[in-house]
Structure formats: C-alpha cells, structure tokens
Amino acid sequence: MDVIEFMKERKYKYLFGPVPSRRLGQSLGVDLVPRKVCTLDCVYCESGQTTKKTVERKEYIRYDDITRELDDWFATNSDPDYLTFSGAGEPTLNSRIGDIIQHIKNRKPHLQVALITNGTLLSDPGLREELMDVDLLLPSLDAATQEVFEKINRPAGGLTSEEYADGLVAFSREFTGEMWLEVFVLPRINDHEQEIRAIREVILKIGPDRIQVNTLDRPGTEENLVAATAEELEYFVKMLDMDHVEIIASPGENRKERHANADIRDAILSTISRRPCTAVDLGQSLGLPEDEINRYLEMLKAENSVIPVRQERGLFYRLKN
Ligand code: SF4
C-alpha cells in the first residue's frame, strides 16, 4: 500500500491519535484546516512550508465532516486526556471552530479541550468569543518586534507584531481557562537581549499561567537552523526573569497506554505524516522497542513511502511526497 492509498484507507481523516504529547498526556488531535493552511510560515515549522498563507477564516474542513468523525470516535473509544485542535496549520482559520467546540462540550461536557494556536487572529473579538469554552489555550509568541516576527514567523500580509501582541493581551483579559504560552528560541535570531526584553514586556501584559521555552528538536523548513543549547535556553529563561517558566522536557515519559487502534505500519505513517520523527520518537510515541520500529522503517524506506533526513538529534523520517 502506498502513502496515498494509506491516507485514503485511514478510518479518520481529521482525527489523529491519541498520541502522547509532551505537554498534554494522551491527546486526540483534531485537524480543522488542511495541510498546510496557516497565517504564518515559521522557519522552524515541523510540518514543512506553508502552502496557503492567509488570514481569511473559512470552513476549510466542513463542520459536518469533523463532527461525524468525532461522534464516531466518542461512540467507540475511551476518552483521552485532552482533545486538541492542532495539526499542520492554524486551527482558528476554520470559521466553524466555535461551533465545533460547542458540539464537543454538548456531547462530552467533562472532556478537556485544548487549542494549539499561533494566536495571530486573536485581535478579532468574534474569534475570542468563540474560544471562551476552551479549557487550555496554548498560544505561541516568538517575537515582539516586527523585524524578528518577519524573520521567524514570516506572517501573511498585513499581520503586525503589535496587533498580534494586542490580541493575546485582549484574550488573556477575557479568558477564564488556562493559558500556557510557548516561546520558541532560535539562536542569533530571537535570543539577543533587546528582543528578550521586548518579549518579556508582552508576556508581563498577557500573564499566562505557564511559559514554556522550546527549541528545535526536529527538522524545520530551513535546513541551516540550529537548536538552542541548554546554556542558551537557560540564559533566555534567566533574562525573562519571571515565575512559571519551564524548559519543555522530552516526550514519552507520561505515556499511559499504547497506541492500539491501528497496526504498527499505519501508526508510523500516520505519526510522521504530521511531523518528522526519529525511530526513538516513534518508539516512545507508539510504545514499541526501537528495533521493532527500525524494522518497519526499513520496510517503508524500501517501498519508497518514507525518506530519512539527517539532523543533529539523529535520523528523522518524513513521508515521501
Ligand atoms: S509552526 Fe504553527 S504557526 Fe508556524 S507555520 Fe507551522 S503551523 Fe503555522
């Protein structure tokens, strides 16, 4: 079976997992936009280059199609720790996100809903209203000046770092759920003193519950990017000089159950269709020994379904397009 047949045969087109997430435990992912519709084209994006860069909100994936899959999932599976809007693109671009959240809350009032967003559209009061029932918002903020914003995040035309920051601040004042803000550190791009101070000023206004400092651990869209070292991350944290700051740890430790809904081959393809992974990542993700994963990767390589890419942290595998 080639990759295209595999994608066609997957039971769920818009649901993914549940997979162990470094931040959310067992998380069932929900895609609200096709790969890769986004307001940004971040240099470090794990999902490759943005193919449709836009700020236009539309029903990119139909409400009916998403809720049909969700209802099927709810009827046949136990609840995950989180239901998370994530995927390869910006979920808030889907103009029915508010209706989908309400659908979930009506069916499963106790289920925690998380939203991983770049936060660029939060300056829209209508969108902010739609997101009020989210339990955990995970926005990102990598820059506080237009120059660095353009360098790292390469925004769609018209988006400014000022509007971006103002949207996050406005949302944080109205929102009663948890907010964990992620800052992605790229050496020599956003880790100089002036930028860190500017980021700090914005974060102080937002007042998130947690600040999670991250860096590259898999290939981004630009090959010459390097990950921040432990010392560089510690310097960044020291310069932020705030409470509730953490450097995000590696995934895998908090896995509660094995991925049991697909066979290993499909699970591997499904996982790396979202983001490149090493054999170790896949082993942790799927709860399988590395040599078992390697056996499947060799097979997938031989049939031209995946390609290896060497990076500092090891050999990553991507889907062969
Ligand atoms: S990292 Fe997120 S916000 Fe940035 S381009 Fe990728 S999907 Fe979009």
# chains A, B, ... in the order shown; residues from 1 in each chain; ligands from 1
>>> residues_near_ligand(ligand="ligand 1", cutoff="9 Å", atoms="only C-alpha atoms and all ligand atoms", output="ChimeraX atom specification")
/A:35-50,53,86-91,116-120,140,152-155,220
>>> write_last_selection(atoms="C-alpha atoms", output="PDB file, in the first residue's frame")
ATOM      1  CA  ARG A  35      -2.132  20.778   5.474  1.00  0.00           C
ATOM      2  CA  LYS A  36      -0.810  23.482   5.379  1.00  0.00           C
ATOM      3  CA  VAL A  37      -3.100  26.464   5.657  1.00  0.00           C
ATOM      4  CA  CYS A  38      -1.662  28.969   8.101  1.00  0.00           C
ATOM      5  CA  THR A  39      -1.370  32.662   8.873  1.00  0.00           C
ATOM      6  CA  LEU A  40       2.367  32.159   9.302  1.00  0.00           C
ATOM      7  CA  ASP A  41       5.205  30.302   7.635  1.00  0.00           C
ATOM      8  CA  CYS A  42       7.553  29.785  10.577  1.00  0.00           C
ATOM      9  CA  VAL A  43      11.123  28.881   9.728  1.00  0.00           C
ATOM     10  CA  TYR A  44      11.070  26.116  12.331  1.00  0.00           C
ATOM     11  CA  CYS A  45       7.703  24.613  11.328  1.00  0.00           C
ATOM     12  CA  GLU A  46       7.732  20.828  11.665  1.00  0.00           C
ATOM     13  CA  SER A  47       5.056  20.476   9.014  1.00  0.00           C
ATOM     14  CA  GLY A  48       7.020  21.985   6.157  1.00  0.00           C
ATOM     15  CA  GLN A  49       6.420  25.145   4.200  1.00  0.00           C
ATOM     16  CA  THR A  50       3.022  26.877   4.340  1.00  0.00           C
ATOM     17  CA  LYS A  53      -0.638  31.682   3.754  1.00  0.00           C
ATOM     18  CA  SER A  86      -3.660  21.165  16.393  1.00  0.00           C
ATOM     19  CA  GLY A  87      -2.457  19.709  13.102  1.00  0.00           C
ATOM     20  CA  ALA A  88      -0.464  21.126  10.245  1.00  0.00           C
ATOM     21  CA  GLY A  89      -1.830  24.663  10.034  1.00  0.00           C
ATOM     22  CA  GLU A  90      -3.668  27.279  12.097  1.00  0.00           C
ATOM     23  CA  PRO A  91      -6.938  25.872  13.562  1.00  0.00           C
ATOM     24  CA  ILE A 116      -2.672  24.931  19.992  1.00  0.00           C
ATOM     25  CA  THR A 117      -2.658  28.195  18.092  1.00  0.00           C
ATOM     26  CA  ASN A 118      -0.170  30.739  16.897  1.00  0.00           C
ATOM     27  CA  GLY A 119      -2.557  33.353  18.327  1.00  0.00           C
ATOM     28  CA  THR A 120      -2.262  35.728  15.378  1.00  0.00           C
ATOM     29  CA  SER A 140       2.994  30.924  20.875  1.00  0.00           C
ATOM     30  CA  ILE A 152      10.986  33.823  12.286  1.00  0.00           C
ATOM     31  CA  ASN A 153       7.269  33.668  11.578  1.00  0.00           C
ATOM     32  CA  ARG A 154       7.069  35.113   8.040  1.00  0.00           C
ATOM     33  CA  PRO A 155       3.447  36.336   8.526  1.00  0.00           C
ATOM     34  CA  GLY A 220      12.180  22.800  10.305  1.00  0.00           C
TER      35      GLY A 220
END
>>> residues_around(residues="Val30 in chain A", least_positions_apart="2", cutoff="7 Å", atoms="only C-alpha atoms", output="number ranges by chain")
A: 14-16, 28, 32, 84-87
>>> select_by_dssp(residues="range 116-274 of chain A", states="strand (DSSP E or B)", output="PyMOL selection string")
chain A and resi 116-117+136-140+178-184+210-214+245-247
>>> closest_atom_pairs(of="range 176-225 of chain A", to="range 235-247 of chain A", cutoff="6 Å", atoms="only C-alpha atoms", output="Markdown table")
| residue | atom | partner | partner_atom | distance |
| --- | --- | --- | --- | --- |
| A:Arg200 | CA | A:Leu240 | CA | 5.7 |
| A:Arg210 | CA | A:His244 | CA | 5.0 |
| A:Ile211 | CA | A:Val245 | CA | 4.6 |
| A:Gln212 | CA | A:Glu246 | CA | 5.1 |
| A:Val213 | CA | A:Ile247 | CA | 4.7 |
>>> atom_distance(atom1="CA of Arg197 in chain A", atom2="CA of Glu232 in chain A")
15.3 Å
>>> select_by_dssp(residues="range 42-261 of chain A", states="helix (DSSP H, G or I)", output="VMD selection string")
chain A and resid 63 to 76 91 to 93 97 to 107 125 to 130 146 to 153 161 to 174 193 to 206 230 to 240
>>> write_last_selection(atoms="C-alpha atoms", output="CSV table (one decimal), in the first residue's frame")
chain,number,residue,atom,x,y,z
A,63,TYR,CA,-18.2,21.2,10.3
A,64,ASP,CA,-20.4,18.1,9.4
A,65,ASP,CA,-17.3,16.1,8.4
A,66,ILE,CA,-15.4,16.8,11.6
A,67,THR,CA,-18.4,16.3,14.0
A,68,ARG,CA,-19.2,13.0,12.2
A,69,GLU,CA,-15.8,11.7,12.9
A,70,LEU,CA,-15.9,13.0,16.5
A,71,ASP,CA,-19.2,11.3,17.2
A,72,ASP,CA,-17.9,8.0,15.8
A,73,TRP,CA,-14.8,8.3,17.9
A,74,PHE,CA,-16.8,9.0,21.1
A,75,ALA,CA,-19.0,6.0,20.4
A,76,THR,CA,-16.2,3.5,20.1
A,91,PRO,CA,-6.9,25.9,13.6
A,92,THR,CA,-8.5,29.3,14.2
A,93,LEU,CA,-8.7,29.9,10.5
A,97,ILE,CA,-14.2,26.4,15.3
A,98,GLY,CA,-16.7,27.9,17.8
A,99,ASP,CA,-19.5,25.5,16.7
A,100,ILE,CA,-17.2,22.5,16.8
A,101,ILE,CA,-16.2,23.4,20.4
A,102,GLN,CA,-19.9,23.7,21.4
A,103,HIS,CA,-20.6,20.3,19.7
A,104,ILE,CA,-17.9,18.7,21.8
A,105,LYS,CA,-19.0,20.4,25.0
A,106,ASN,CA,-22.6,19.3,24.4
A,107,ARG,CA,-21.6,15.7,23.8
A,125,PRO,CA,-13.2,39.9,19.1
A,126,GLY,CA,-15.6,37.5,17.4
A,127,LEU,CA,-13.0,34.8,17.4
A,128,ARG,CA,-12.1,35.5,21.0
A,129,GLU,CA,-15.8,34.9,21.9
A,130,GLU,CA,-15.8,31.6,20.0
A,146,GLN,CA,8.2,43.4,13.6
A,147,GLU,CA,11.7,42.7,12.3
A,148,VAL,CA,12.1,39.4,14.3
A,149,PHE,CA,8.4,38.5,13.7
A,150,GLU,CA,9.0,38.6,10.0
A,151,LYS,CA,12.3,36.8,10.2
A,152,ILE,CA,11.0,33.8,12.3
A,153,ASN,CA,7.3,33.7,11.6
A,161,SER,CA,3.7,42.0,15.7
A,162,GLU,CA,1.8,44.8,17.6
A,163,GLU,CA,-1.6,43.6,16.6
A,164,TYR,CA,-0.5,40.0,17.4
A,165,ALA,CA,0.6,41.0,20.9
A,166,ASP,CA,-2.5,43.2,21.5
A,167,GLY,CA,-4.7,40.2,20.5
A,168,LEU,CA,-3.0,37.9,23.0
A,169,VAL,CA,-3.3,40.5,25.8
A,170,ALA,CA,-7.0,41.1,25.0
A,171,PHE,CA,-7.8,37.4,25.0
A,172,SER,CA,-6.0,36.8,28.3
A,173,ARG,CA,-8.1,39.5,30.0
A,174,GLU,CA,-11.4,37.9,28.8
A,193,GLU,CA,19.0,41.0,24.9
A,194,GLN,CA,16.8,43.6,23.2
A,195,GLU,CA,14.3,41.0,21.8
A,196,ILE,CA,14.1,39.1,25.0
A,197,ARG,CA,13.3,42.3,26.9
A,198,ALA,CA,10.6,43.1,24.4
A,199,ILE,CA,9.1,39.6,24.6
A,200,ARG,CA,9.2,39.9,28.4
A,201,GLU,CA,7.2,43.1,28.3
A,202,VAL,CA,4.5,41.5,26.2
A,203,ILE,CA,4.4,38.4,28.4
A,204,LEU,CA,4.0,40.5,31.5
A,205,LYS,CA,0.9,42.0,30.0
A,206,ILE,CA,-0.5,38.6,29.0
A,230,ALA,CA,20.9,24.0,27.2
A,231,GLU,CA,23.1,27.0,28.2
A,232,GLU,CA,21.3,29.3,25.6
A,233,LEU,CA,17.9,28.2,26.9
A,234,GLU,CA,19.0,28.8,30.5
A,235,TYR,CA,20.2,32.3,29.5
A,236,PHE,CA,16.9,33.0,27.8
A,237,VAL,CA,15.0,31.9,30.9
A,238,LYS,CA,17.2,33.9,33.2
A,239,MET,CA,16.7,37.0,31.1
A,240,LEU,CA,12.9,36.6,31.1
>>> residues_around(residues="Val226 in chain A", least_positions_apart="5", cutoff="9 Å", atoms="only C-alpha atoms", output="list in words")
Leu186, Pro187, Thr215, Leu216 and Glu312 of chain A
>>> write_last_selection(atoms="N, CA and C atoms", output="compact mmCIF listing (two decimals), in the first residue's frame")
# COMPACT_ATOMS: atom_id res chain seq x y z
N LEU A 186 15.39 30.61 18.94
CA LEU A 186 16.29 30.33 17.83
C LEU A 186 17.55 31.18 18.00
N PRO A 187 18.69 30.51 18.22
CA PRO A 187 19.93 31.25 18.47
C PRO A 187 20.23 32.25 17.36
N THR A 215 12.80 24.73 21.83
CA THR A 215 13.69 24.96 20.70
C THR A 215 13.56 23.80 19.73
N LEU A 216 14.30 23.91 18.64
CA LEU A 216 14.20 22.92 17.57
C LEU A 216 14.61 21.52 18.04
N GLU A 312 20.89 17.06 13.65
CA GLU A 312 21.79 16.94 14.79
C GLU A 312 21.30 15.90 15.80
>>> residues_around(residues="Leu315 in chain A", least_positions_apart="5", cutoff="9 Å", atoms="only C-alpha atoms", output="number ranges by chain")
A: 277-279, 308-310
>>> residues_around(residues="Leu136 in chain A", least_positions_apart="5", cutoff="8 Å", atoms="only C-alpha atoms", output="MDAnalysis selection string")
chainID A and resid 112:115 177:180
>>> write_last_selection(atoms="N, CA and C atoms", output="PDB file, in the first residue's frame")
ATOM      1  N   GLN A 112     -11.637  17.654  28.399  1.00  0.00           N
ATOM      2  CA  GLN A 112     -10.803  18.858  28.329  1.00  0.00           C
ATOM      3  C   GLN A 112     -10.466  19.169  26.869  1.00  0.00           C
ATOM      4  N   VAL A 113     -10.682  20.401  26.497  1.00  0.00           N
ATOM      5  CA  VAL A 113     -10.393  20.812  25.114  1.00  0.00           C
ATOM      6  C   VAL A 113      -9.211  21.775  25.126  1.00  0.00           C
ATOM      7  N   ALA A 114      -8.211  21.434  24.326  1.00  0.00           N
ATOM      8  CA  ALA A 114      -7.028  22.304  24.218  1.00  0.00           C
ATOM      9  C   ALA A 114      -6.924  22.843  22.792  1.00  0.00           C
ATOM     10  N   LEU A 115      -6.372  24.019  22.680  1.00  0.00           N
ATOM     11  CA  LEU A 115      -6.174  24.618  21.358  1.00  0.00           C
ATOM     12  C   LEU A 115      -4.733  25.079  21.243  1.00  0.00           C
ATOM     13  N   GLY A 177     -10.030  30.228  31.224  1.00  0.00           N
ATOM     14  CA  GLY A 177      -9.328  28.942  31.247  1.00  0.00           C
ATOM     15  C   GLY A 177      -7.839  29.136  31.509  1.00  0.00           C
ATOM     16  N   GLU A 178      -7.085  28.044  31.307  1.00  0.00           N
ATOM     17  CA  GLU A 178      -5.620  28.094  31.491  1.00  0.00           C
ATOM     18  C   GLU A 178      -4.955  28.552  30.206  1.00  0.00           C
ATOM     19  N   MET A 179      -3.871  29.270  30.345  1.00  0.00           N
ATOM     20  CA  MET A 179      -3.103  29.634  29.162  1.00  0.00           C
ATOM     21  C   MET A 179      -1.618  29.320  29.388  1.00  0.00           C
ATOM     22  N   TRP A 180      -1.069  28.500  28.489  1.00  0.00           N
ATOM     23  CA  TRP A 180       0.362  28.195  28.541  1.00  0.00           C
ATOM     24  C   TRP A 180       0.980  28.773  27.274  1.00  0.00           C
TER      25      TRP A 180
END
>>> closest_residue(among="A:Leu319, A:Val280, A:Arg265, A:Leu137", to="Met299 in chain A", atoms="only C-alpha atoms")
A:Arg265
